[in-house]
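Shown next: work_22.txt, containing compact mmCIF, N, CA and C atoms and all ligand atoms.
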# COMPACT_ATOMS: atom_id res chain seq x y z
N MET W 1492 -15.41 2.70 -12.81
CA MET W 1492 -14.02 2.49 -13.22
C MET W 1492 -13.14 3.64 -12.70
N GLU W 1493 -12.02 3.27 -12.14
CA GLU W 1493 -11.06 4.27 -11.66
C GLU W 1493 -9.74 4.05 -12.36
N LYS W 1494 -9.10 5.16 -12.72
CA LYS W 1494 -7.82 5.07 -13.43
C LYS W 1494 -6.74 5.80 -12.64
N PHE W 1495 -5.59 5.17 -12.50
CA PHE W 1495 -4.47 5.74 -11.74
C PHE W 1495 -3.20 5.67 -12.57
N PHE W 1496 -2.26 6.55 -12.24
CA PHE W 1496 -0.94 6.49 -12.87
C PHE W 1496 0.12 6.29 -11.81
N SER W 1497 1.03 5.38 -12.09
CA SER W 1497 2.12 5.07 -11.17
C SER W 1497 3.44 5.34 -11.87
N ASP W 1498 4.37 5.97 -11.14
CA ASP W 1498 5.70 6.26 -11.70
C ASP W 1498 6.80 5.44 -11.05
N CYS W 1499 6.44 4.64 -10.05
CA CYS W 1499 7.46 3.83 -9.36
C CYS W 1499 6.75 2.77 -8.53
N VAL W 1500 7.50 1.81 -8.03
CA VAL W 1500 6.87 0.72 -7.26
C VAL W 1500 6.14 1.25 -6.03
N ASN W 1501 6.66 2.30 -5.41
CA ASN W 1501 5.98 2.85 -4.22
C ASN W 1501 4.61 3.42 -4.57
N ASP W 1502 4.50 4.04 -5.75
CA ASP W 1502 3.19 4.54 -6.20
C ASP W 1502 2.22 3.38 -6.34
N THR W 1503 2.68 2.31 -6.96
CA THR W 1503 1.80 1.15 -7.18
C THR W 1503 1.34 0.58 -5.84
N GLU W 1504 2.26 0.49 -4.89
CA GLU W 1504 1.89 -0.03 -3.56
C GLU W 1504 0.89 0.90 -2.88
N LYS W 1505 1.09 2.21 -3.04
CA LYS W 1505 0.19 3.18 -2.40
C LYS W 1505 -1.22 3.13 -3.00
N ILE W 1506 -1.29 3.00 -4.31
CA ILE W 1506 -2.60 2.88 -4.98
C ILE W 1506 -3.32 1.64 -4.46
N ALA W 1507 -2.59 0.55 -4.32
CA ALA W 1507 -3.17 -0.70 -3.82
C ALA W 1507 -3.57 -0.57 -2.35
N PHE W 1508 -2.71 0.10 -1.56
CA PHE W 1508 -2.96 0.31 -0.13
C PHE W 1508 -4.28 1.05 0.07
N ASP W 1509 -4.48 2.11 -0.71
CA ASP W 1509 -5.71 2.91 -0.59
C ASP W 1509 -6.94 2.12 -1.06
N PHE W 1510 -6.78 1.40 -2.15
CA PHE W 1510 -7.88 0.59 -2.69
C PHE W 1510 -8.30 -0.49 -1.69
N ALA W 1511 -7.34 -1.00 -0.92
CA ALA W 1511 -7.61 -2.11 0.01
C ALA W 1511 -8.67 -1.77 1.06
N ASN W 1512 -8.89 -0.47 1.33
CA ASN W 1512 -9.97 -0.04 2.23
C ASN W 1512 -11.33 -0.59 1.85
N LYS W 1513 -11.52 -0.77 0.55
CA LYS W 1513 -12.82 -1.22 0.03
C LYS W 1513 -13.02 -2.71 0.20
N LEU W 1514 -11.93 -3.43 0.43
CA LEU W 1514 -11.99 -4.89 0.36
C LEU W 1514 -12.50 -5.53 1.64
N LYS W 1515 -13.20 -6.64 1.46
CA LYS W 1515 -13.71 -7.42 2.60
C LYS W 1515 -13.49 -8.91 2.30
N ALA W 1516 -13.68 -9.72 3.31
CA ALA W 1516 -13.46 -11.16 3.17
C ALA W 1516 -14.24 -11.73 1.99
N ASP W 1517 -13.61 -12.59 1.25
CA ASP W 1517 -14.16 -13.32 0.10
C ASP W 1517 -14.28 -12.48 -1.18
N ASP W 1518 -13.77 -11.24 -1.14
CA ASP W 1518 -13.68 -10.49 -2.40
C ASP W 1518 -12.55 -11.09 -3.25
N VAL W 1519 -12.65 -10.82 -4.55
CA VAL W 1519 -11.69 -11.39 -5.50
C VAL W 1519 -11.11 -10.27 -6.37
N ILE W 1520 -9.79 -10.32 -6.57
CA ILE W 1520 -9.14 -9.41 -7.52
C ILE W 1520 -8.63 -10.23 -8.68
N LEU W 1521 -9.11 -9.90 -9.87
CA LEU W 1521 -8.64 -10.56 -11.09
C LEU W 1521 -7.65 -9.62 -11.75
N TYR W 1522 -6.38 -9.98 -11.76
CA TYR W 1522 -5.38 -9.13 -12.39
C TYR W 1522 -5.33 -9.38 -13.89
N ARG W 1523 -5.07 -8.28 -14.62
CA ARG W 1523 -4.77 -8.35 -16.04
C ARG W 1523 -3.46 -7.60 -16.23
N GLY W 1524 -2.57 -8.13 -17.03
CA GLY W 1524 -1.30 -7.43 -17.25
C GLY W 1524 -0.17 -8.41 -17.43
N GLU W 1525 0.75 -8.02 -18.31
CA GLU W 1525 1.86 -8.91 -18.69
C GLU W 1525 2.82 -9.15 -17.53
N MET W 1526 3.75 -10.05 -17.76
CA MET W 1526 4.78 -10.33 -16.76
C MET W 1526 5.58 -9.06 -16.51
N GLY W 1527 5.82 -8.74 -15.26
CA GLY W 1527 6.58 -7.54 -14.91
C GLY W 1527 5.73 -6.27 -14.89
N ALA W 1528 4.42 -6.41 -15.04
CA ALA W 1528 3.55 -5.22 -15.02
C ALA W 1528 3.51 -4.62 -13.62
N GLY W 1529 3.47 -5.47 -12.61
CA GLY W 1529 3.41 -4.98 -11.23
C GLY W 1529 2.29 -5.61 -10.41
N LYS W 1530 1.81 -6.76 -10.84
CA LYS W 1530 0.71 -7.42 -10.13
C LYS W 1530 1.13 -7.84 -8.72
N THR W 1531 2.36 -8.33 -8.62
CA THR W 1531 2.84 -8.74 -7.29
C THR W 1531 3.08 -7.51 -6.42
N TYR W 1532 3.58 -6.42 -7.00
CA TYR W 1532 3.75 -5.18 -6.23
C TYR W 1532 2.41 -4.64 -5.74
N PHE W 1533 1.39 -4.74 -6.55
CA PHE W 1533 0.06 -4.29 -6.14
C PHE W 1533 -0.39 -5.11 -4.93
N THR W 1534 -0.14 -6.41 -4.99
CA THR W 1534 -0.52 -7.30 -3.88
C THR W 1534 0.26 -6.94 -2.61
N LYS W 1535 1.51 -6.52 -2.76
CA LYS W 1535 2.31 -6.07 -1.60
C LYS W 1535 1.62 -4.90 -0.90
N GLY W 1536 1.07 -3.99 -1.67
CA GLY W 1536 0.38 -2.82 -1.10
C GLY W 1536 -0.87 -3.22 -0.34
N ILE W 1537 -1.59 -4.19 -0.85
CA ILE W 1537 -2.79 -4.69 -0.15
C ILE W 1537 -2.36 -5.34 1.17
N ALA W 1538 -1.27 -6.10 1.10
CA ALA W 1538 -0.78 -6.79 2.31
C ALA W 1538 -0.45 -5.79 3.41
N LYS W 1539 0.17 -4.67 3.02
CA LYS W 1539 0.50 -3.64 4.02
C LYS W 1539 -0.77 -3.13 4.69
N ALA W 1540 -1.80 -2.90 3.88
CA ALA W 1540 -3.07 -2.40 4.42
C ALA W 1540 -3.70 -3.40 5.38
N PHE W 1541 -3.46 -4.67 5.17
CA PHE W 1541 -4.06 -5.70 6.03
C PHE W 1541 -3.16 -6.02 7.23
N GLY W 1542 -2.07 -5.27 7.38
CA GLY W 1542 -1.17 -5.49 8.50
C GLY W 1542 -0.34 -6.76 8.40
N ILE W 1543 -0.15 -7.23 7.18
CA ILE W 1543 0.66 -8.42 6.94
C ILE W 1543 2.13 -8.00 6.85
N GLU W 1544 2.95 -8.62 7.69
CA GLU W 1544 4.37 -8.23 7.70
C GLU W 1544 5.25 -9.16 6.87
N ASP W 1545 4.76 -10.36 6.58
CA ASP W 1545 5.54 -11.29 5.74
C ASP W 1545 5.78 -10.67 4.38
N GLU W 1546 6.91 -10.97 3.78
CA GLU W 1546 7.19 -10.45 2.46
C GLU W 1546 6.33 -11.17 1.42
N VAL W 1547 5.67 -10.39 0.58
CA VAL W 1547 4.84 -10.97 -0.49
C VAL W 1547 5.73 -11.23 -1.69
N THR W 1548 5.76 -12.48 -2.12
CA THR W 1548 6.59 -12.85 -3.28
C THR W 1548 5.70 -13.51 -4.33
N SER W 1549 6.26 -13.67 -5.51
CA SER W 1549 5.49 -14.22 -6.61
C SER W 1549 5.06 -15.66 -6.32
N PRO W 1550 3.79 -15.97 -6.57
CA PRO W 1550 3.32 -17.35 -6.33
C PRO W 1550 3.61 -18.31 -7.48
N THR W 1551 4.49 -17.92 -8.37
CA THR W 1551 4.73 -18.72 -9.58
C THR W 1551 4.99 -20.20 -9.31
N PHE W 1552 5.84 -20.48 -8.33
CA PHE W 1552 6.21 -21.88 -8.12
C PHE W 1552 5.25 -22.60 -7.19
N ALA W 1553 4.75 -21.87 -6.20
CA ALA W 1553 3.85 -22.49 -5.22
C ALA W 1553 2.41 -22.58 -5.73
N LEU W 1554 2.08 -21.80 -6.76
CA LEU W 1554 0.70 -21.64 -7.27
C LEU W 1554 -0.17 -20.80 -6.34
N ILE W 1555 -0.04 -21.02 -5.03
CA ILE W 1555 -0.81 -20.25 -4.06
C ILE W 1555 0.09 -19.87 -2.89
N ASN W 1556 0.15 -18.59 -2.56
CA ASN W 1556 0.82 -18.16 -1.33
C ASN W 1556 -0.24 -17.63 -0.39
N GLU W 1557 -0.13 -18.00 0.87
CA GLU W 1557 -1.12 -17.59 1.88
C GLU W 1557 -0.46 -16.62 2.85
N TYR W 1558 -1.16 -15.53 3.15
CA TYR W 1558 -0.66 -14.54 4.10
C TYR W 1558 -1.77 -14.24 5.09
N TYR W 1559 -1.42 -14.15 6.38
CA TYR W 1559 -2.43 -13.97 7.41
C TYR W 1559 -2.30 -12.61 8.09
N GLY W 1560 -3.42 -11.88 8.13
CA GLY W 1560 -3.46 -10.54 8.72
C GLY W 1560 -4.88 -10.23 9.17
N LYS W 1561 -5.20 -8.91 9.29
CA LYS W 1561 -6.57 -8.50 9.67
C LYS W 1561 -7.56 -9.13 8.71
N ILE W 1562 -7.20 -9.06 7.43
CA ILE W 1562 -7.85 -9.88 6.40
C ILE W 1562 -6.70 -10.67 5.78
N ASN W 1563 -6.94 -11.91 5.44
CA ASN W 1563 -5.89 -12.74 4.85
C ASN W 1563 -5.79 -12.50 3.34
N ILE W 1564 -4.70 -12.92 2.76
CA ILE W 1564 -4.54 -12.85 1.31
C ILE W 1564 -4.19 -14.24 0.80
N PHE W 1565 -4.95 -14.66 -0.19
CA PHE W 1565 -4.61 -15.90 -0.88
C PHE W 1565 -4.24 -15.49 -2.31
N HIS W 1566 -2.95 -15.62 -2.60
CA HIS W 1566 -2.37 -15.05 -3.82
C HIS W 1566 -2.09 -16.19 -4.80
N PHE W 1567 -2.80 -16.17 -5.90
CA PHE W 1567 -2.75 -17.28 -6.87
C PHE W 1567 -1.99 -16.90 -8.15
N ASP W 1568 -1.34 -17.88 -8.73
CA ASP W 1568 -0.81 -17.77 -10.08
C ASP W 1568 -1.47 -18.87 -10.91
N LEU W 1569 -2.34 -18.46 -11.83
CA LEU W 1569 -3.10 -19.45 -12.61
C LEU W 1569 -2.50 -19.64 -14.01
N PHE W 1570 -1.21 -19.35 -14.14
CA PHE W 1570 -0.58 -19.43 -15.46
C PHE W 1570 -0.80 -20.79 -16.13
N ARG W 1571 -0.81 -21.85 -15.33
CA ARG W 1571 -0.94 -23.20 -15.91
C ARG W 1571 -2.35 -23.77 -15.84
N ILE W 1572 -3.29 -22.94 -15.44
CA ILE W 1572 -4.67 -23.44 -15.28
C ILE W 1572 -5.49 -23.11 -16.52
N SER W 1573 -6.19 -24.11 -17.05
CA SER W 1573 -6.97 -23.81 -18.26
C SER W 1573 -8.39 -24.37 -18.23
N SER W 1574 -8.80 -24.99 -17.13
CA SER W 1574 -10.18 -25.50 -17.09
C SER W 1574 -10.74 -25.38 -15.68
N PHE W 1575 -12.06 -25.45 -15.62
CA PHE W 1575 -12.74 -25.42 -14.31
C PHE W 1575 -12.24 -26.56 -13.44
N ASP W 1576 -12.08 -27.75 -14.01
CA ASP W 1576 -11.63 -28.92 -13.23
C ASP W 1576 -10.25 -28.69 -12.62
N GLU W 1577 -9.36 -28.05 -13.38
CA GLU W 1577 -8.02 -27.78 -12.85
C GLU W 1577 -8.09 -26.75 -11.72
N LEU W 1578 -8.93 -25.76 -11.90
CA LEU W 1578 -9.09 -24.73 -10.86
C LEU W 1578 -9.62 -25.38 -9.58
N TYR W 1579 -10.59 -26.23 -9.76
CA TYR W 1579 -11.19 -26.95 -8.64
C TYR W 1579 -10.15 -27.82 -7.95
N SER W 1580 -9.34 -28.50 -8.73
CA SER W 1580 -8.41 -29.48 -8.14
C SER W 1580 -7.23 -28.85 -7.42
N ILE W 1581 -6.93 -27.57 -7.70
CA ILE W 1581 -5.87 -26.93 -6.88
C ILE W 1581 -6.45 -26.38 -5.57
N GLY W 1582 -7.74 -26.60 -5.37
CA GLY W 1582 -8.36 -26.20 -4.10
C GLY W 1582 -8.85 -24.77 -4.07
N PHE W 1583 -8.98 -24.17 -5.25
CA PHE W 1583 -9.38 -22.76 -5.36
C PHE W 1583 -10.60 -22.44 -4.50
N PHE W 1584 -11.62 -23.27 -4.57
CA PHE W 1584 -12.88 -22.94 -3.91
C PHE W 1584 -12.82 -23.14 -2.39
N ASP W 1585 -11.80 -23.85 -1.93
CA ASP W 1585 -11.62 -24.04 -0.48
C ASP W 1585 -11.13 -22.76 0.20
N TYR W 1586 -10.68 -21.80 -0.60
CA TYR W 1586 -10.17 -20.55 -0.01
C TYR W 1586 -11.26 -19.55 0.32
N PHE W 1587 -12.48 -19.81 -0.10
CA PHE W 1587 -13.58 -18.93 0.31
C PHE W 1587 -14.01 -19.32 1.73
N GLY W 1588 -14.48 -18.31 2.48
CA GLY W 1588 -14.92 -18.57 3.85
C GLY W 1588 -13.76 -18.65 4.83
N ARG W 1589 -12.59 -18.16 4.42
CA ARG W 1589 -11.40 -18.20 5.29
C ARG W 1589 -10.87 -16.79 5.56
N ASN W 1590 -11.80 -15.83 5.60
CA ASN W 1590 -11.46 -14.43 5.91
C ASN W 1590 -10.36 -13.88 5.02
N GLY W 1591 -10.41 -14.23 3.74
CA GLY W 1591 -9.36 -13.77 2.85
C GLY W 1591 -9.87 -13.08 1.60
N VAL W 1592 -8.96 -12.30 1.00
CA VAL W 1592 -9.19 -11.77 -0.34
C VAL W 1592 -8.35 -12.63 -1.29
N LEU W 1593 -8.94 -13.02 -2.40
CA LEU W 1593 -8.20 -13.83 -3.38
C LEU W 1593 -7.62 -12.89 -4.44
N CYS W 1594 -6.30 -12.87 -4.56
CA CYS W 1594 -5.61 -12.03 -5.54
C CYS W 1594 -5.08 -12.96 -6.62
N ILE W 1595 -5.56 -12.78 -7.85
CA ILE W 1595 -5.33 -13.80 -8.87
C ILE W 1595 -4.55 -13.28 -10.06
N GLU W 1596 -3.29 -13.74 -10.16
CA GLU W 1596 -2.48 -13.42 -11.35
C GLU W 1596 -2.80 -14.43 -12.44
N TRP W 1597 -2.72 -13.99 -13.67
CA TRP W 1597 -3.08 -14.79 -14.85
C TRP W 1597 -4.55 -15.22 -14.80
N SER W 1598 -5.39 -14.29 -14.35
CA SER W 1598 -6.83 -14.56 -14.31
C SER W 1598 -7.41 -14.64 -15.72
N GLU W 1599 -6.61 -14.21 -16.72
CA GLU W 1599 -7.04 -14.36 -18.13
C GLU W 1599 -7.40 -15.83 -18.40
N ASN W 1600 -6.76 -16.73 -17.66
CA ASN W 1600 -7.00 -18.17 -17.90
C ASN W 1600 -8.35 -18.64 -17.38
N ILE W 1601 -9.04 -17.81 -16.60
CA ILE W 1601 -10.39 -18.19 -16.17
C ILE W 1601 -11.35 -17.73 -17.28
N ASN W 1602 -11.42 -18.52 -18.34
CA ASN W 1602 -12.30 -18.15 -19.46
C ASN W 1602 -13.52 -19.07 -19.47
N PHE W 1603 -13.92 -19.45 -18.25
CA PHE W 1603 -15.12 -20.28 -18.05
C PHE W 1603 -15.88 -19.66 -16.87
N GLU W 1604 -17.13 -20.09 -16.70
CA GLU W 1604 -18.00 -19.48 -15.69
C GLU W 1604 -17.60 -19.89 -14.27
N VAL W 1605 -17.43 -18.88 -13.40
CA VAL W 1605 -17.16 -19.16 -11.98
C VAL W 1605 -18.13 -18.30 -11.16
N ASP W 1606 -18.75 -18.90 -10.15
CA ASP W 1606 -19.62 -18.15 -9.23
C ASP W 1606 -18.80 -17.63 -8.07
N TYR W 1607 -18.63 -16.32 -7.99
CA TYR W 1607 -17.89 -15.74 -6.87
C TYR W 1607 -18.89 -15.29 -5.82
N PRO W 1608 -18.59 -15.51 -4.54
CA PRO W 1608 -19.58 -15.20 -3.49
C PRO W 1608 -19.74 -13.71 -3.20
N GLU W 1609 -18.66 -12.92 -3.38
CA GLU W 1609 -18.71 -11.51 -3.01
C GLU W 1609 -18.25 -10.64 -4.17
N SER W 1610 -17.73 -9.46 -3.87
CA SER W 1610 -17.37 -8.52 -4.94
C SER W 1610 -16.15 -9.01 -5.73
N VAL W 1611 -16.14 -8.63 -7.01
CA VAL W 1611 -15.03 -9.00 -7.89
C VAL W 1611 -14.51 -7.73 -8.56
N TYR W 1612 -13.20 -7.52 -8.48
CA TYR W 1612 -12.55 -6.36 -9.09
C TYR W 1612 -11.57 -6.81 -10.16
N LEU W 1613 -11.65 -6.14 -11.29
CA LEU W 1613 -10.67 -6.36 -12.35
C LEU W 1613 -9.61 -5.26 -12.20
N VAL W 1614 -8.38 -5.66 -12.00
CA VAL W 1614 -7.29 -4.69 -11.86
C VAL W 1614 -6.33 -4.90 -13.03
N SER W 1615 -6.36 -3.95 -13.97
CA SER W 1615 -5.51 -4.04 -15.17
C SER W 1615 -4.31 -3.13 -15.00
N ILE W 1616 -3.12 -3.68 -15.17
CA ILE W 1616 -1.90 -2.88 -15.04
C ILE W 1616 -1.18 -2.91 -16.38
N ASN W 1617 -1.06 -1.72 -16.97
CA ASN W 1617 -0.44 -1.60 -18.29
C ASN W 1617 0.86 -0.83 -18.20
N LYS W 1618 1.90 -1.40 -18.77
CA LYS W 1618 3.20 -0.73 -18.80
C LYS W 1618 3.17 0.37 -19.84
N SER W 1619 3.47 1.61 -19.41
CA SER W 1619 3.51 2.70 -20.39
C SER W 1619 4.93 3.22 -20.52
N GLY W 1620 5.88 2.63 -19.79
CA GLY W 1620 7.29 3.01 -19.85
C GLY W 1620 8.06 2.12 -18.91
N GLU W 1621 9.34 2.37 -18.78
CA GLU W 1621 10.18 1.51 -17.92
C GLU W 1621 9.60 1.41 -16.51
N THR W 1622 9.26 2.57 -15.93
CA THR W 1622 8.74 2.55 -14.56
C THR W 1622 7.34 3.18 -14.46
N SER W 1623 6.73 3.49 -15.59
CA SER W 1623 5.39 4.07 -15.52
C SER W 1623 4.33 3.02 -15.84
N ARG W 1624 3.24 3.10 -15.10
CA ARG W 1624 2.16 2.13 -15.24
C ARG W 1624 0.82 2.86 -15.19
N GLU W 1625 -0.13 2.37 -16.00
CA GLU W 1625 -1.51 2.83 -15.91
C GLU W 1625 -2.26 1.70 -15.21
N ILE W 1626 -2.99 2.05 -14.16
CA ILE W 1626 -3.70 1.02 -13.38
C ILE W 1626 -5.19 1.34 -13.42
N ILE W 1627 -5.96 0.38 -13.93
CA ILE W 1627 -7.41 0.58 -14.05
C ILE W 1627 -8.11 -0.42 -13.13
N ILE W 1628 -8.98 0.10 -12.28
CA ILE W 1628 -9.72 -0.75 -11.34
C ILE W 1628 -11.20 -0.68 -11.68
N GLU W 1629 -11.78 -1.83 -11.98
CA GLU W 1629 -13.19 -1.91 -12.33
C GLU W 1629 -13.87 -2.93 -11.42
N LYS W 1630 -15.01 -2.53 -10.86
CA LYS W 1630 -15.78 -3.49 -10.07
C LYS W 1630 -16.69 -4.22 -11.05
N VAL W 1631 -16.51 -5.51 -11.19
CA VAL W 1631 -17.29 -6.25 -12.19
C VAL W 1631 -18.38 -7.11 -11.55
N LYS W 1632 -18.36 -7.23 -10.23
CA LYS W 1632 -19.48 -7.89 -9.53
C LYS W 1632 -19.66 -7.25 -8.15
N1 LIG Z 1701 5.53 1.73 -11.35
C1 LIG Z 1701 5.84 0.44 -11.12
N2 LIG Z 1701 4.96 -0.38 -10.50
C2 LIG Z 1701 5.25 -1.68 -10.30
N3 LIG Z 1701 6.40 -2.29 -10.68
C3 LIG Z 1701 7.32 -1.52 -11.29
C4 LIG Z 1701 7.09 -0.14 -11.54
N4 LIG Z 1701 8.17 0.37 -12.17
C5 LIG Z 1701 9.05 -0.63 -12.29
N5 LIG Z 1701 8.55 -1.78 -11.77
C6 LIG Z 1701 9.26 -3.08 -11.79
O1 LIG Z 1701 8.46 -3.99 -12.53
C7 LIG Z 1701 8.51 -5.26 -11.91
C8 LIG Z 1701 7.12 -5.66 -11.45
O2 LIG Z 1701 7.23 -6.93 -10.88
P1 LIG Z 1701 5.98 -7.77 -10.38
O3 LIG Z 1701 5.13 -6.97 -9.47
O4 LIG Z 1701 6.55 -9.05 -9.86
O5 LIG Z 1701 5.19 -8.00 -11.76
P2 LIG Z 1701 4.10 -9.11 -12.13
O6 LIG Z 1701 3.62 -9.72 -10.84
O7 LIG Z 1701 3.04 -8.34 -12.85
O8 LIG Z 1701 4.81 -10.09 -13.01
C9 LIG Z 1701 9.50 -5.17 -10.75
O9 LIG Z 1701 10.76 -5.56 -11.20
C10 LIG Z 1701 9.45 -3.69 -10.41
O10 LIG Z 1701 10.66 -3.25 -9.83
MG MG Z 1702 3.63 -11.67 -10.13

Now that the file is in, can you turn its structure into structure tokens?
Ligand SMILES: Nc1ncnc2c1ncn2[C@@H]1O[C@H](COP(=O)(O)OP(=O)(O)O)[C@@H](O)[C@H]1O
Ligand SMILES: [Mg+2]
Amino acid sequence: MEKFFSDCVNDTEKIAFDFANKLKADDVILYRGEMGAGKTYFTKGIAKAFGIEDEVTSPTFALINEYYGKINIFHFDLFRISSFDELYSIGFFDYFGRNGVLCIEWSENINFEVDYPESVYLVSINKSGETSREIIIEKVK
């Protein structure tokens, strides 16, 4: 487990940028943290590390945003997902084997068993003030 402190959005992006060194295709990031915690900003930092120039925006409406770089990013919002069947039907499992890291907002909703092919990281972002955040990264698989 690693613990970081962020005082601004640039800090959060830098923490994510450095962490991205560890990532490889088919790894999964399960985010924990309320709305406005900084999950999308963390994903922006990973995108920079992968040489992705497209702007990373919230996947709230699209459910999945795809970004292509040295490693791709498949950025999910599972706010409305509550069962394995729903996860399956949005094509979640089709994103493995496509040279991407899956970054998953509202992963709290995956409260059922899923077999992930590679490493899985839990990234918890807790608001400790207006612009301060505690970021905890745990490798869970
Ligand atoms: N240290 C920080 N890290 C990340 N975001 C921050 C920080 N301080 C303030 N913010 C603000 O919090 C919000 C985080 O937004 P976003 O990354 O979209 O959150 P989430 O995806 O968790 O809902 C943005 O408005 C951002 O400007
Ligand atoms: Mg978001």

Given only C-alpha atoms and all ligand atoms as the basis, pick out the residue of W:Ala1553, W:Lys1494, W:Asp1517, W:Phe1508 nearest to ligand MG 1702 (chain Z).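 Going through W:Ala1553, W:Lys1494, W:Asp1517, W:Phe1508 one by one, the smallest distance to ligand MG 1702 (chain Z) is for W:Ala1553.
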
Show me which residues sit within 10 Å of ligand MG 1702 (chain Z) when counting only C-alpha atoms and all ligand atoms, and put them as a list of chain:residue names.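 With only C-alpha atoms and all ligand atoms and a cut-off of 10 Å, ligand MG 1702 (chain Z) is contacted by W:Tyr1522, W:Gly1524, W:Glu1525, W:Met1526, W:Gly1527, W:Ala1528, W:Gly1529, W:Lys1530, W:Thr1531, W:Tyr1532, W:Phe1533, W:Thr1534, W:Val1547, W:Thr1548, W:Ser1549, W:Pro1550, W:Thr1551, W:His1566, W:Phe1567, W:Asp1568, W:Ile1595, W:Glu1596, W:Trp1597.
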
List every residue of stretch 1516-1577 of chain W that DSSP, applied to the backbone, labels as alpha helix (DSSP H), and write the result as a PyMOL selection string. chain W and resi 1530-1540+1575-1577

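The smallest atom-to-atom distance between ligand LIG 1701 (chain Z) and any of W:Ile1555, W:Ile1616, W:Ala1538, W:Leu1578, using all atoms listed in the file, is found for W:Ile1616.
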
Straight-line distance linking atom CA of W:Ile1537 with atom CA of W:Glu1557, stated in Å to one decimal: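 Between atom CA of W:Ile1537 and atom CA of W:Glu1557 the gap is 13.2 Å.
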
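Checking W:Phe1575, W:Ser1580, W:Phe1495, W:Gly1588 one by one against W:Phe1603, counting all atoms listed in the file, you find the shortest gap at W:Phe1575.
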
Measuring atom to atom with only C-alpha atoms and all ligand atoms, identify which of W:Ile1564, W:Leu1569, W:Ala1540, W:Val1605 is nearest to ligand LIG 1701 (chain Z). W:Leu1569

Which distance in Å separates atom O9 of ligand LIG 1701 (chain Z) and atom C of W:Val1500, to one decimal?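 Interatomic distance, atom O9 of ligand LIG 1701 (chain Z) to atom C of W:Val1500: 9.7 Å.
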
Is it possible to get the axis-aligned box enclosing ligand LIG 1701 (chain Z) (all listed atoms, 5 Å extra per side) as AutoDock Vina command-line options, with centre and edge lengths in Å rounded to one decimal?
--center_x 6.9 --center_y -4.2 --center_z -11.2 --size_x 17.7 --size_y 21.8 --size_z 13.5
